[in-house]
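A.B. asks: There's a structure below that I have some questions on.
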Amino acid sequence: MPAGGFTGYTGGHHYPGKITWSVIIACCVASSGGLIFGYDIGISGGVTSMDSFLSKFFPSVYHLEENSASTSQYCKFDSQLLTLFTSSLYLAALVASFVAATVTRKYGRNSSMFVGGLTFLVGAVINGVALNVFMLILGRVLLGIGVGFCNQSVPVYLSEMAPAKHRGTLNIAFQLMVTIGILVANLINYGTAQIPGGWGWRLSLGLAAVPAAIITIGSVLLPDTPNSLVERGKADQAKRILSKIRGVPDVHAEFEEIVAACDEARSIERPWSNILRKKYRPQLTISALIPLFQQLTGINVIMFYAPVLFKTIGFGDNASLLSAVITGLINVGATVISIILVDRAGRRILFLEGGIQMLICQVFVGALIYVQFGVSGIGTASKSLAALLLVFICGYVAAFAWSWGPLGWLVPSEIFPLEIRSAGQSITVSMNMLFTFAIGQAFLSMLCHMKFGLFFFFAGWVIIMTLFVAFFVPETKNVPIEEMMLVWNNHWFWSRFLSEEDIHVGNRYSNSHV
């Protein structure tokens, strides 16, 4: 096993590992927070390839597209205003995630989900009735606030509710909902594009209110996590919830561990400055780099702009939306594979295999686009080339969906001790949204200037992130969330940042020495 894979974790307490119906229901409802994120990713790319939408709000792009015979295929969608419509959401989510950290810690995980769902609901309504670009971008900003709150709170909620043995499976339910949201959005776009009169885009944007309503109502009905309840001084309620979700009356050992973690958390008055301490360097590094790398796979480029990309390489209007539906189906199926394997094979093997497969597919996509369009970007794709491109794009999407897609949210959400967990998850979300915004805003311009080389650009980053995982990301499967410091203490590189006092296994976790 490579050095990066050794954790040295040999146990500690072993708590009830079964999944109860209480956990399943709570995690399914909470995971619906992923629906709003996925629906938006799918819907925004689809409507920006609809002529009726472009002609109303972005006429300059529409006219370029109409004159496509004399326009470079790489540059015809290059509009900063068009990409601002899509990527403004991610800038708003970045800012909102920092506010969400305070709400999540002081008022509970489900309170943060409620705020996120409600704000997203209002944004969906504004976008559905938009009359001008200002209303469109205002709606997108509100959607972004909703995404920021839900993406900050839902992964933490899932990691805290799930038993350690099944934490990966239940946490990836969030990413499964993201992929289902993308697929549903692609299907709706395909249907609304056929509506006579050119108003189908309003239905596409307005229907985002449905997943928003699900998470808003669901968050009111959900219990908060035992960790959050203890943190907020509600120990008796926390113990009842813990007994219910574990399905056994005796949860004393796990409850005492949560109480010990919360006692330490209360001693931390400023989690944002505390997270910069040397002993948290491993978590801080990984929580910043994993979301950065997740975006530098180039996935959101493919998923936002799949219809635009397919249209660019020669698919017709409906064919481009249908191709996006195909990639959406692959996305969902591959995420299910990840759910099956993550707590069996582990996180690292999925990261490494997914990286290698993405690299191969991106190199082929870049090469095929070069063969067809060269440097000038003038030309149309043959049916055989378009079909081959679709195969490699689907191979790329599948690799991402069982590796960096779900694990990019799972691993950061399970590595932080309670005292800095909300702050740590905010860093993960804000980094993810910052680079989603930057890449989303720059993508069409990069495609225009870098041309087919853009795919080689992302392939180069995939090499870097795969090497990073091989050497610096330890295996975290089956490790109780409040014992994760043991993993860092036994890692070949990260252990140098910790001292014996930082582990304090003996006085917090009896019989937990490694």
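Quick note on naming: the chains in the structure tokens go A, B, ... in the order shown, residues restart at 1 in each chain, and ligands are numbered from 1 in order of appearance.
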For the contact check between region 444-494 of chain A and region 251-269 of chain A, emit one row per residue of region 444-494 of chain A within 10 Å, containing the shortest atom pair and the distance in Å rounded to one decimal, counting only C-alpha atoms, chain then rising number order, as a tab-separated table.

C.D. replies:
residue	atom	partner	partner_atom	distance
A:Pro480	CA	A:Glu254	CA	9.4
A:Ile481	CA	A:Ile258	CA	9.6
A:Glu482	CA	A:Ala261	CA	7.0
A:Glu483	CA	A:Glu257	CA	9.0

A.B. asks: For Ala438 (chain A), which of A:Leu296, A:Val210, A:Ala30, A:Ile286 is the closest residue, counting only C-alpha atoms?

C.D. replies: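 Of A:Leu296, A:Val210, A:Ala30, A:Ile286, the one nearest Ala438 (chain A) is A:Leu296, counting only C-alpha atoms.
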
A.B. asks: Gly146 (chain A): which residues within 12 Å, counting only C-alpha atoms, same-chain residues fewer than 5 positions away excluded, as a ChimeraX atom specification?

C.D. replies: /A:33-37,40,89-97,99-100,112-124,139-141,151-154,208-209,211-213,215-216

A.B. asks: Within region 46-231 of chain A, find each residue whose DSSP state, derived from the backbone, is alpha helix (DSSP H), and express the selection as a PyMOL selection string.

C.D. replies: chain A and resi 46-47+51-57+59-66+80-107+109-128+133-161+167-192+200-206+209-221+226-231

A.B. asks: Restricting it to C-alpha atoms, dump the selection as a CSV table (one decimal), in the first residue's frame.

C.D. replies:
chain,number,residue,atom,x,y,z
A,46,GLY,CA,-30.0,23.9,-20.9
A,47,VAL,CA,-31.8,27.3,-20.9
A,51,ASP,CA,-32.8,30.2,-28.8
A,52,SER,CA,-35.9,31.8,-27.2
A,53,PHE,CA,-34.0,32.5,-24.0
A,54,LEU,CA,-30.9,33.8,-25.8
A,55,SER,CA,-32.9,36.1,-28.1
A,56,LYS,CA,-34.7,37.7,-25.2
A,57,PHE,CA,-31.9,38.2,-22.7
A,59,PRO,CA,-29.3,38.9,-28.2
A,60,SER,CA,-25.7,39.4,-29.1
A,61,VAL,CA,-25.0,35.7,-28.4
A,62,TYR,CA,-28.1,34.7,-30.3
A,63,HIS,CA,-27.0,36.7,-33.4
A,64,LEU,CA,-23.5,35.2,-33.3
A,65,GLU,CA,-25.1,31.8,-33.1
A,66,GLU,CA,-27.4,32.6,-36.1
A,80,GLN,CA,-19.3,37.5,-20.1
A,81,LEU,CA,-22.9,38.6,-19.4
A,82,LEU,CA,-24.1,35.1,-20.3
A,83,THR,CA,-21.6,33.4,-18.1
A,84,LEU,CA,-22.4,35.9,-15.3
A,85,PHE,CA,-26.0,34.7,-15.4
A,86,THR,CA,-24.7,31.1,-14.7
A,87,SER,CA,-21.8,31.8,-12.3
A,88,SER,CA,-23.3,34.6,-10.2
A,89,LEU,CA,-25.0,31.9,-8.2
A,90,TYR,CA,-21.6,30.5,-7.1
A,91,LEU,CA,-20.3,33.8,-5.9
A,92,ALA,CA,-23.4,34.3,-3.7
A,93,ALA,CA,-23.0,30.7,-2.4
A,94,LEU,CA,-19.4,31.5,-1.4
A,95,VAL,CA,-20.4,34.4,0.7
A,96,ALA,CA,-23.5,32.7,2.1
A,97,SER,CA,-21.5,29.6,3.3
A,98,PHE,CA,-19.7,31.8,5.9
A,99,VAL,CA,-22.9,33.1,7.3
A,100,ALA,CA,-24.3,29.5,7.2
A,101,ALA,CA,-21.4,28.3,9.4
A,102,THR,CA,-22.6,30.5,12.3
A,103,VAL,CA,-26.3,29.5,11.8
A,104,THR,CA,-25.4,25.8,11.6
A,105,ARG,CA,-23.4,26.0,14.8
A,106,LYS,CA,-25.6,28.2,16.9
A,107,TYR,CA,-29.1,27.2,15.7
A,109,ARG,CA,-28.0,21.9,11.0
A,110,ASN,CA,-31.7,21.7,10.1
A,111,SER,CA,-32.1,25.5,10.7
A,112,SER,CA,-29.5,26.2,8.1
A,113,MET,CA,-31.2,23.8,5.6
A,114,PHE,CA,-34.5,25.7,6.2
A,115,VAL,CA,-32.9,29.1,5.4
A,116,GLY,CA,-31.3,27.6,2.3
A,117,GLY,CA,-34.5,26.0,1.0
A,118,LEU,CA,-36.6,29.1,1.5
A,119,THR,CA,-34.2,31.4,-0.1
A,120,PHE,CA,-33.8,29.1,-3.1
A,121,LEU,CA,-37.6,29.0,-3.4
A,122,VAL,CA,-37.8,32.8,-3.7
A,123,GLY,CA,-35.0,32.9,-6.2
A,124,ALA,CA,-36.7,30.2,-8.4
A,125,VAL,CA,-40.0,32.2,-8.5
A,126,ILE,CA,-38.1,35.4,-9.5
A,127,ASN,CA,-36.3,33.6,-12.3
A,128,GLY,CA,-39.5,32.0,-13.6
A,133,VAL,CA,-31.3,40.5,-17.1
A,134,PHE,CA,-31.4,42.2,-13.7
A,135,MET,CA,-34.2,40.0,-12.5
A,136,LEU,CA,-32.5,37.0,-13.8
A,137,ILE,CA,-29.2,37.7,-11.9
A,138,LEU,CA,-31.1,38.7,-8.7
A,139,GLY,CA,-32.9,35.4,-8.8
A,140,ARG,CA,-29.5,33.6,-9.4
A,141,VAL,CA,-28.0,35.4,-6.4
A,142,LEU,CA,-30.9,34.2,-4.1
A,143,LEU,CA,-30.5,30.7,-5.5
A,144,GLY,CA,-26.8,31.0,-4.7
A,145,ILE,CA,-27.6,31.9,-1.0
A,146,GLY,CA,-29.8,28.8,-0.8
A,147,VAL,CA,-27.1,26.6,-2.3
A,148,GLY,CA,-24.5,28.0,0.1
A,149,PHE,CA,-26.6,27.2,3.2
A,150,CYS,CA,-27.6,23.7,2.0
A,151,ASN,CA,-24.2,22.7,0.8
A,152,GLN,CA,-22.7,23.8,4.1
A,153,SER,CA,-25.2,22.0,6.4
A,154,VAL,CA,-26.3,18.9,4.6
A,155,PRO,CA,-23.0,17.0,4.3
A,156,VAL,CA,-22.3,17.7,8.0
A,157,TYR,CA,-25.8,16.6,9.0
A,158,LEU,CA,-25.4,13.3,7.0
A,159,SER,CA,-21.9,12.6,8.5
A,160,GLU,CA,-23.1,13.1,12.0
A,161,MET,CA,-26.3,11.1,11.7
A,167,ARG,CA,-21.1,7.0,6.8
A,168,GLY,CA,-19.8,7.0,3.2
A,169,THR,CA,-23.0,5.3,1.8
A,170,LEU,CA,-25.4,7.7,3.5
A,171,ASN,CA,-23.3,10.8,2.9
A,172,ILE,CA,-23.1,10.1,-0.9
A,173,ALA,CA,-26.9,10.2,-0.9
A,174,PHE,CA,-26.3,14.0,-1.1
A,175,GLN,CA,-24.3,13.6,-4.3
A,176,LEU,CA,-26.8,11.1,-5.7
A,177,MET,CA,-29.5,13.8,-5.2
A,178,VAL,CA,-27.3,16.2,-7.0
A,179,THR,CA,-27.0,13.9,-10.0
A,180,ILE,CA,-30.8,13.1,-9.9
A,181,GLY,CA,-31.4,16.9,-9.9
A,182,ILE,CA,-29.1,17.3,-13.0
A,183,LEU,CA,-30.9,14.5,-14.8
A,184,VAL,CA,-34.4,15.8,-14.0
A,185,ALA,CA,-33.3,19.2,-15.2
A,186,ASN,CA,-32.0,17.8,-18.4
A,187,LEU,CA,-35.3,15.9,-19.0
A,188,ILE,CA,-37.3,19.1,-18.2
A,189,ASN,CA,-35.2,21.2,-20.6
A,190,TYR,CA,-35.7,18.6,-23.3
A,191,GLY,CA,-39.5,18.8,-22.8
A,192,THR,CA,-39.8,22.6,-22.4
A,200,GLY,CA,-40.5,26.9,-22.1
A,201,TRP,CA,-37.4,28.4,-20.4
A,202,ARG,CA,-39.7,30.0,-17.8
A,203,LEU,CA,-41.1,26.6,-16.8
A,204,SER,CA,-37.5,25.2,-16.6
A,205,LEU,CA,-36.4,28.0,-14.3
A,206,GLY,CA,-39.6,28.2,-12.2
A,209,ALA,CA,-39.2,25.8,-6.7
A,210,VAL,CA,-40.2,22.1,-6.4
A,211,PRO,CA,-36.9,20.8,-4.9
A,212,ALA,CA,-36.7,24.0,-2.9
A,213,ALA,CA,-40.1,23.2,-1.3
A,214,ILE,CA,-39.0,19.6,-0.5
A,215,ILE,CA,-35.9,20.6,1.5
A,216,THR,CA,-37.7,23.6,3.1
A,217,ILE,CA,-40.6,21.5,4.4
A,218,GLY,CA,-38.3,18.5,5.2
A,219,SER,CA,-36.0,20.5,7.3
A,220,VAL,CA,-38.9,21.5,9.6
A,221,LEU,CA,-39.7,17.8,10.2
A,226,PRO,CA,-27.1,14.5,18.5
A,227,ASN,CA,-23.8,16.3,18.0
A,228,SER,CA,-25.5,19.6,17.3
A,229,LEU,CA,-28.0,19.2,20.2
A,230,VAL,CA,-25.3,18.5,22.7
A,231,GLU,CA,-23.3,21.4,21.4

A.B. asks: Separation of CA of Gly45 (chain A) and CA of Cys27 (chain A), in Å?

C.D. replies: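 Spanning CA of Gly45 (chain A) to CA of Cys27 (chain A) is a straight-line distance of 28.5 Å.
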